[in-house]
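Text of the file input-v5.pdb, holding PDB, C-alpha atoms, pLDDT in the B column:
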```pdb
ATOM      1  CA  MET A  23      31.533  15.144 -20.288  1.00 52.00           C
ATOM      2  CA  ALA A  24      29.151  12.246 -19.653  1.00 54.00           C
ATOM      3  CA  ARG A  25      26.566  12.415 -16.913  1.00 59.00           C
ATOM      4  CA  VAL A  26      27.116   9.944 -14.131  1.00 61.00           C
ATOM      5  CA  GLY A  27      23.755   9.878 -12.357  1.00 66.00           C
ATOM      6  CA  ARG A  28      20.267  11.195 -12.363  1.00 80.00           C
ATOM      7  CA  LEU A  29      18.788  13.836 -10.120  1.00 86.00           C
ATOM      8  CA  GLY A  30      15.195  13.511  -8.988  1.00 90.00           C
ATOM      9  CA  VAL A  31      12.573  15.257  -6.897  1.00 89.00           C
ATOM     10  CA  ARG A  32       9.945  13.410  -4.850  1.00 86.00           C
ATOM     11  CA  TYR A  33       6.629  15.050  -4.027  1.00 84.00           C
ATOM     12  CA  ASP A  34       4.874  13.754  -0.912  1.00 77.00           C
ATOM     13  CA  LEU A  35       1.248  14.804  -1.003  1.00 74.00           C
ATOM     14  CA  ARG A  36       0.702  15.082   2.730  1.00 68.00           C
ATOM     15  CA  ARG A  37       0.046  18.465   4.221  1.00 60.00           C
ATOM     16  CA  SER A  38       3.148  20.040   5.706  1.00 53.00           C
ATOM     17  CA  GLY A  39       2.059  23.354   7.115  1.00 49.00           C
ATOM     18  CA  GLY A  40       0.204  26.014   5.184  1.00 52.00           C
ATOM     19  CA  ASP A  41      -3.542  26.213   4.929  1.00 65.00           C
ATOM     20  CA  GLY A  42      -4.081  22.822   3.277  1.00 69.00           C
ATOM     21  CA  ASP A  43      -5.590  24.198   0.060  1.00 76.00           C
ATOM     22  CA  PRO A  44      -5.337  21.500  -2.668  1.00 77.00           C
ATOM     23  CA  THR A  45      -5.583  24.089  -5.479  1.00 82.00           C
ATOM     24  CA  ALA A  46      -2.667  26.046  -4.070  1.00 83.00           C
ATOM     25  CA  ALA A  47      -0.718  22.812  -3.562  1.00 82.00           C
ATOM     26  CA  TYR A  48      -1.178  21.804  -7.228  1.00 85.00           C
ATOM     27  CA  ARG A  49      -0.149  25.262  -8.392  1.00 89.00           C
ATOM     28  CA  THR A  50       2.943  25.241  -6.174  1.00 89.00           C
ATOM     29  CA  ILE A  51       4.006  21.746  -7.256  1.00 90.00           C
ATOM     30  CA  LEU A  52       3.572  22.564 -10.952  1.00 93.00           C
ATOM     31  CA  GLN A  53       5.575  25.770 -10.615  1.00 94.00           C
ATOM     32  CA  HIS A  54       8.284  23.919  -8.713  1.00 94.00           C
ATOM     33  CA  ALA A  55       8.383  21.096 -11.282  1.00 95.00           C
ATOM     34  CA  ALA A  56       8.824  23.543 -14.152  1.00 96.00           C
ATOM     35  CA  SER A  57      11.679  25.214 -12.274  1.00 95.00           C
ATOM     36  CA  ALA A  58      13.230  21.839 -11.422  1.00 95.00           C
ATOM     37  CA  GLU A  59      13.188  20.816 -15.087  1.00 95.00           C
ATOM     38  CA  ARG A  60      14.917  24.058 -16.087  1.00 94.00           C
ATOM     39  CA  ALA A  61      17.519  23.384 -13.384  1.00 94.00           C
ATOM     40  CA  GLY A  62      18.350  19.960 -14.828  1.00 93.00           C
ATOM     41  CA  VAL A  63      16.286  17.534 -12.751  1.00 94.00           C
ATOM     42  CA  ASP A  64      15.815  14.219 -14.575  1.00 94.00           C
ATOM     43  CA  VAL A  65      12.837  12.620 -12.822  1.00 95.00           C
ATOM     44  CA  LEU A  66       9.827  13.743 -10.798  1.00 94.00           C
ATOM     45  CA  TRP A  67       8.384  11.213  -8.334  1.00 91.00           C
ATOM     46  CA  VAL A  68       4.846  11.483  -6.951  1.00 88.00           C
ATOM     47  CA  ALA A  69       3.876   9.439  -3.878  1.00 82.00           C
ATOM     48  CA  GLU A  70       0.266   8.395  -3.398  1.00 77.00           C
ATOM     49  CA  ARG A  71      -1.097   8.272   0.138  1.00 71.00           C
ATOM     50  CA  PRO A  72      -4.905   8.263  -0.032  1.00 66.00           C
ATOM     51  CA  PHE A  73      -5.524   7.440   3.628  1.00 67.00           C
ATOM     52  CA  ALA A  74      -2.529   9.103   5.259  1.00 69.00           C
ATOM     53  CA  PRO A  75      -3.305  11.636   7.963  1.00 69.00           C
ATOM     54  CA  GLY A  76      -3.318  15.042   6.341  1.00 68.00           C
ATOM     55  CA  ALA A  77      -3.412  13.682   2.768  1.00 71.00           C
ATOM     56  CA  LEU A  78      -3.743  16.802   0.678  1.00 72.00           C
ATOM     57  CA  LEU A  79      -3.839  15.311  -2.834  1.00 73.00           C
ATOM     58  CA  PRO A  80      -4.933  11.678  -2.502  1.00 70.00           C
ATOM     59  CA  ALA A  81      -4.412  10.576  -6.139  1.00 77.00           C
ATOM     60  CA  ALA A  82      -1.052  10.500  -7.917  1.00 83.00           C
ATOM     61  CA  PHE A  83      -2.140  10.001 -11.543  1.00 87.00           C
ATOM     62  CA  PRO A  84      -3.947  13.345 -12.033  1.00 88.00           C
ATOM     63  CA  LEU A  85      -0.864  15.155 -10.731  1.00 89.00           C
ATOM     64  CA  CYS A  86       1.400  13.026 -12.959  1.00 92.00           C
ATOM     65  CA  ALA A  87      -0.741  13.981 -15.954  1.00 94.00           C
ATOM     66  CA  ALA A  88      -0.509  17.667 -15.063  1.00 94.00           C
ATOM     67  CA  LEU A  89       3.268  17.347 -14.676  1.00 95.00           C
ATOM     68  CA  ALA A  90       3.514  15.685 -18.088  1.00 96.00           C
ATOM     69  CA  ALA A  91       1.518  18.523 -19.631  1.00 96.00           C
ATOM     70  CA  ILE A  92       3.875  21.242 -18.380  1.00 95.00           C
ATOM     71  CA  THR A  93       7.244  19.520 -18.821  1.00 95.00           C
ATOM     72  CA  GLU A  94       9.135  18.369 -21.906  1.00 95.00           C
ATOM     73  CA  ARG A  95      11.983  16.038 -20.984  1.00 94.00           C
ATOM     74  CA  VAL A  96      11.760  14.891 -17.360  1.00 95.00           C
ATOM     75  CA  ARG A  97      10.569  11.419 -16.532  1.00 94.00           C
ATOM     76  CA  ILE A  98       7.539  11.188 -14.292  1.00 95.00           C
ATOM     77  CA  ALA A  99       7.054   8.302 -11.888  1.00 91.00           C
ATOM     78  CA  THR A 100       4.850   7.258  -9.005  1.00 87.00           C
ATOM     79  CA  GLY A 101       6.250   6.063  -5.724  1.00 76.00           C
ATOM     80  CA  VAL A 102       3.584   3.781  -4.283  1.00 70.00           C
ATOM     81  CA  LEU A 103       0.161   3.036  -5.729  1.00 66.00           C
ATOM     82  CA  PRO A 104      -2.380   1.156  -3.594  1.00 67.00           C
ATOM     83  CA  LEU A 105      -3.375  -1.338  -6.284  1.00 67.00           C
ATOM     84  CA  PRO A 106      -6.226  -3.030  -4.357  1.00 65.00           C
ATOM     85  CA  LEU A 107      -8.123   0.254  -4.463  1.00 59.00           C
TER
END
```

Written as structure tokens, how would this file's structure read?
Amino acid sequence: MARVGRLGVRYDLRRSGGDGDPTAAYRTILQHAASAERAGVDVLWVAERPFAPGALLPAAFPLCAALAAITERVRIATGVLPLPL
């Protein structure tokens, strides 16, 4: 049976509760991404919000690199990059 669509997960790097620890946030996202890949997710999106209130992880590319290092087949994409910066 052919697949009809793709399933993706978007990570928004603003704090949403918790203690706001960036190390714990990276660890949680990487664990979740590995589980999502095993579950059949096709793409992982990372949004960059460097000046958003509560921005926990202000840069998308380091997280994208870490996601690429722990996954094998999912595509990794960024949502919005502030190019003038």

Exercise. Extract, using all atoms listed in the file, all DNA, RNA and protein residues at most 12 Å from region 53-58 of chain A, discarding same-chain residues fewer than 6 positions from it, and format them as JSON, numbers by chain.
Key: {"A": [29, 30, 31, 32, 33, 46, 47, 64, 65, 66, 67, 68, 85, 86, 88, 89, 90, 91, 92, 93, 94, 95, 96, 97, 98]}

Practice problem: In the coordinates of the file, take the point (6.6, 6.7, -3.9) and a cut-off of 8 Å; then, counting all atoms listed in the file, name each qualifying protein, DNA or RNA residue as a PyMOL selection string. | Solution: chain A and resi 32+34+67-70+100-103

Quiz item: When distances are computed from all atoms listed in the file, which of A:Arg71, A:Arg28, A:Leu35, A:Phe83 shows the smallest separation from Ile51 (chain A)?
Solution: A:Leu35

Practice problem: For Asp43 (chain A), list every protein, DNA or RNA residue within 10 Å, evaluated using all atoms listed in the file, and leave out those in the same chain fewer than 4 positions away; present the list as a PyMOL selection string. | Solution: chain A and resi 37+47-48+78-79

Output for the residues just chosen: C-alpha atoms as a compact mmCIF listing (two decimals), keeping the file's coordinate frame:
```
# COMPACT_ATOMS: atom_id res chain seq x y z
CA ARG A 37 0.05 18.46 4.22
CA ALA A 47 -0.72 22.81 -3.56
CA TYR A 48 -1.18 21.80 -7.23
CA LEU A 78 -3.74 16.80 0.68
CA LEU A 79 -3.84 15.31 -2.83
```

Taking every listed atom of region 85-103 of chain A and adding 5 Å to each side, what centre and edge lengths in Å (one decimal) does the axis-aligned box have, as lines of an AutoDock Vina configuration file?
```
center_x = 5.6
center_y = 12.1
center_z = -13.1
size_x = 22.8
size_y = 28.2
size_z = 27.6
```
